[in-house]
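**Student:** Okay, here's the structure, questions in a sec.
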Amino acid sequence: MIIEEETEDYMKITAPTLLLDKQKCLQNIAVMAKKAKQNGVRLRPHFKTHQSAQVGEWFKDTGVEAITVSSLRMAKYFADQGWTDILVAFPTNLLEIDLINELAGRIKLHLLVVNTETLEVLQQQLQFPVNVWLKVDAGYRRTGVLPHDHTTIDNLLNNIEASNSLMFSGFLVHDGHTYKQTDTKAIQTIHSTTVYLLQMLRERYFVRFPGLQLSIGDTPSCSVVENLSGVDEIRPGNFVFYDLTQQRIGSCSFDDIAVCMACPVVAKHPERHELIIYGGSVHFSKDVLPQEDGSVCFGNVVELNGKGWSAPLEGIKLVSLSQEHGIVKANPEQFAKYEIGDLMYILPVHSCLTSDLMKGYLTLEGEWLEHLSGVPQYALAR
């Protein structure tokens with residue numbers, strides 16, 4: 001354990017620890033839930049960011065009943081927590097057919113399909129009905145069927161329609177290329193284009209499948225765009241914590257970032273104004289933010305205060321990561337504030353990866369929250 005004894009506001013930290021500001025997190029959830037309600041769309045939040053049973057419970061107070069995950073293992077974890085409507089927003093892994101059948105037998109399971117080969121195997125080996133979404137590539141170019149490739153879409157739908165165990169739910173898009181934008185108008189354009197393409201697909205197939213749904217999911221669009229009408233559900237995930245990448249994009253302010261790394265200072269180098277922290281790529285990930293001067297930033301340093309933490313400090317940044325080491329560059333004034341044995345607090349570039357690596361959270365009230373990555377495999381296999 002990294003927690004030894006209580007201090008004034010939180011537990012004593014002796015190793016890299018991911019702090020969670022519960023109030024900011026709750027506020028982020030409430031804001032997105034309100035936006036979804038105002039737009040008349042279902043909020044099916046992506047739980048891959050927090051992967052925590054306790055954080056998941058906070059969504060229920062806003063009326064969320066259906067969730068998104070990124071793996072079948074994650075689906076099982078949350079099914080075991082009582083969630084009964086789960087979409088696995090990742091191309092179906094046929095090697096996990098036993099787990100698919102186990103889940104389909106007890107929850108409303110939604111699977112993602114891109115190829116007819118997947119549908120053929122599912123038809124042969126499914127023991128219970130599942131809901132199927134077709135992944136559409138509206139510009140991200142990661143995976144999915146192109147929206148104008150009607151031949152492929154028709155073949156996929158023919159396979160689904162001929163099956164007794166596959167039920168077509170609709171078309172699903174993830175606009176991951178919004179993460180590369182820093183202009184809100186560009187994000188709006190990407191979103192509008194995607195909604196237009198999805199609407200065209202709905203128009204083409206509505207008579208055949210009158211109940212088909214349209215689903216989108218990326219935090220930049222769902223945070224920046226005010227009018228989210230034209231689809232049936234949104235699946236943002238990163239918004240629950242936000243991070244420096246989302247702040248750079250314009251999805252949030254620094255005040256909305258709900259997680260912060262606490263790292264011990266283990267060495268000082270006055271000759272180059274660098275501090276060495278216990279906190280490396282195995283804690284933060286290798287995600288980086290390019291700076292205007294050509295340098296890179298792996299995290300912004302903040303200070304704890306009575307309300308959580310401050311805005312990023314000027315003159316000090318996390319500039320390099322190796323496996324366990326982090327190098328923090330500081331001006332003379334900031335350098336002088338830290339001694340070996342102090343804790344340094346740093347906002348992460350990508351909260352999803354940092355959360356996954358850290359395997360748990362310590363709230364500012366001193367409560368330890370679990371993370372799926374910290375749950376033994378055997379526990380999930382029971």
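Ordering of the structure tokens sets the chain letters (A, B, ...); residue numbers start at 1 within each chain; ligands are numbered from 1 in the order shown.
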Excluding Ala162 of chain A and its own-chain neighbours fewer than 6 positions away, which residues fall within 12 Å of it when counting only C-alpha atoms? Please give them as a list in words.

**Tutor:**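 These residues fall inside the cut-off: Leu119, Glu120, Gln123, Asn155, Leu156 and Phe168 of chain A.
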
**Student:** Just N, CA and C atoms for this one: save the residues we selected as a PDB file, in the first residue's frame.

**Tutor:**
```
ATOM      1  N   LEU A 119     -19.867 -11.566 -38.441  1.00  0.00           N
ATOM      2  CA  LEU A 119     -21.284 -11.906 -38.330  1.00  0.00           C
ATOM      3  C   LEU A 119     -21.532 -13.391 -38.548  1.00  0.00           C
ATOM      4  N   GLU A 120     -20.818 -13.970 -39.504  1.00  0.00           N
ATOM      5  CA  GLU A 120     -20.998 -15.388 -39.811  1.00  0.00           C
ATOM      6  C   GLU A 120     -20.626 -16.272 -38.626  1.00  0.00           C
ATOM      7  N   GLN A 123     -23.222 -15.845 -35.802  1.00  0.00           N
ATOM      8  CA  GLN A 123     -24.448 -16.566 -36.117  1.00  0.00           C
ATOM      9  C   GLN A 123     -24.321 -18.052 -35.781  1.00  0.00           C
ATOM     10  N   ASN A 155     -24.470  -5.920 -47.541  1.00  0.00           N
ATOM     11  CA  ASN A 155     -24.067  -7.298 -47.232  1.00  0.00           C
ATOM     12  C   ASN A 155     -24.110  -7.557 -45.730  1.00  0.00           C
ATOM     13  N   LEU A 156     -23.627  -6.607 -44.960  1.00  0.00           N
ATOM     14  CA  LEU A 156     -23.655  -6.752 -43.505  1.00  0.00           C
ATOM     15  C   LEU A 156     -25.089  -6.836 -42.993  1.00  0.00           C
ATOM     16  N   PHE A 168     -30.243  -5.847 -35.279  1.00  0.00           N
ATOM     17  CA  PHE A 168     -29.591  -4.623 -35.736  1.00  0.00           C
ATOM     18  C   PHE A 168     -30.058  -3.435 -34.910  1.00  0.00           C
TER      19      PHE A 168
END
```

**Student:** Could you pull the residues within 9 Å of Met167 of chain A, counting only C-alpha atoms, minus those fewer than 5 positions along the same chain, as a list in words?

**Tutor:**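 Near Met167 of chain A, the qualifying residues are Pro129, Val130, Asn131, Val132, Trp133, Ile160 and Glu161 of chain A.
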
**Student:** Determine which residues of segment 22-108 of chain A DSSP labels as alpha helix (DSSP H) from the backbone of this structure, then write them out as a PyMOL selection string.

**Tutor:** chain A and resi 22-39+53-60+72-79+97-104

**Student:** Give me, as a ChimeraX atom specification, all polymer residues having an atom no more than 12 Å from Ser295 of chain A, counting only C-alpha atoms and skipping those fewer than 3 positions away in the same chain.

**Tutor:** /A:288-292,298,317-320,329

**Student:** Create the file for the chosen residues now, containing N, CA and C atoms and written as an mmCIF file, in the first residue's frame.

**Tutor:**
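Output (again.cif):
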```
data_model
loop_
_atom_site.group_PDB
_atom_site.id
_atom_site.type_symbol
_atom_site.label_atom_id
_atom_site.label_comp_id
_atom_site.auth_asym_id
_atom_site.auth_seq_id
_atom_site.Cartn_x
_atom_site.Cartn_y
_atom_site.Cartn_z
ATOM 1 N N VAL A 288 2.092 13.343 -25.016
ATOM 2 C CA VAL A 288 2.831 14.586 -24.875
ATOM 3 C C VAL A 288 2.090 15.714 -25.577
ATOM 4 N N LEU A 289 2.288 16.930 -25.072
ATOM 5 C CA LEU A 289 1.745 18.109 -25.728
ATOM 6 C C LEU A 289 2.887 18.937 -26.308
ATOM 7 N N PRO A 290 2.936 19.117 -27.633
ATOM 8 C CA PRO A 290 3.960 19.990 -28.228
ATOM 9 C C PRO A 290 3.728 21.438 -27.788
ATOM 10 N N GLN A 291 4.812 22.150 -27.547
ATOM 11 C CA GLN A 291 4.738 23.547 -27.144
ATOM 12 C C GLN A 291 5.123 24.473 -28.302
ATOM 13 N N GLU A 292 4.718 25.725 -28.210
ATOM 14 C CA GLU A 292 4.965 26.677 -29.288
ATOM 15 C C GLU A 292 6.452 26.896 -29.541
ATOM 16 N N PHE A 298 4.907 16.951 -20.727
ATOM 17 C CA PHE A 298 4.296 15.690 -20.303
ATOM 18 C C PHE A 298 3.327 15.894 -19.138
ATOM 19 N N LYS A 317 7.505 22.773 -15.602
ATOM 20 C CA LYS A 317 6.774 21.773 -16.388
ATOM 21 C C LYS A 317 7.486 20.426 -16.312
ATOM 22 N N LEU A 318 6.713 19.369 -16.502
ATOM 23 C CA LEU A 318 7.257 18.029 -16.666
ATOM 24 C C LEU A 318 7.683 17.884 -18.124
ATOM 25 N N VAL A 319 9.000 17.769 -18.368
ATOM 26 C CA VAL A 319 9.509 17.864 -19.736
ATOM 27 C C VAL A 319 10.048 16.557 -20.294
ATOM 28 N N SER A 320 10.210 15.534 -19.442
ATOM 29 C CA SER A 320 10.752 14.271 -19.939
ATOM 30 C C SER A 320 10.313 13.130 -19.037
ATOM 31 N N LYS A 329 11.460 20.653 -15.372
ATOM 32 C CA LYS A 329 12.278 21.847 -15.599
ATOM 33 C C LYS A 329 11.612 23.025 -14.907
#
```

**Student:** Using only C-alpha atoms, determine which residues lie at most 6 Å from segment 275-285 of chain A, disregarding the query and same-chain residues fewer than 4 positions distant; provide the list as a short mmCIF file (atom, residue, chain, number, x, y, z; two decimals) with C-alpha atoms, in the first residue's frame.

**Tutor:**
```
data_model
loop_
_atom_site.label_atom_id
_atom_site.label_comp_id
_atom_site.auth_asym_id
_atom_site.auth_seq_id
_atom_site.Cartn_x
_atom_site.Cartn_y
_atom_site.Cartn_z
CA PRO A 16 3.07 8.01 -7.45
CA CYS A 263 4.74 12.32 -7.27
CA PRO A 264 7.62 12.36 -4.75
CA VAL A 265 10.62 14.57 -5.50
CA VAL A 266 13.67 12.26 -5.34
CA ALA A 267 16.57 14.39 -6.67
CA LYS A 268 17.55 17.99 -7.49
CA LEU A 321 9.71 10.76 -18.91
CA SER A 322 11.53 7.45 -18.79
CA GLN A 323 10.15 4.31 -17.21
CA GLU A 324 10.13 5.43 -13.55
CA HIS A 325 11.79 8.87 -13.75
CA GLY A 326 10.25 12.21 -14.58
CA ILE A 327 12.30 15.34 -15.24
CA VAL A 328 10.74 18.66 -14.23
CA THR A 354 -2.87 7.66 -16.78
CA LEU A 357 -1.70 2.77 -15.58
CA MET A 358 -2.31 3.91 -12.01
#
```

**Student:** Please list as a PyMOL selection string every residue within 12 Å of Arg248 of chain A, counting only C-alpha atoms and excluding residues in the same chain fewer than 5 positions away.

**Tutor:** chain A and resi 178-184+220+242-243+253-254+257+288-291+297+349-350
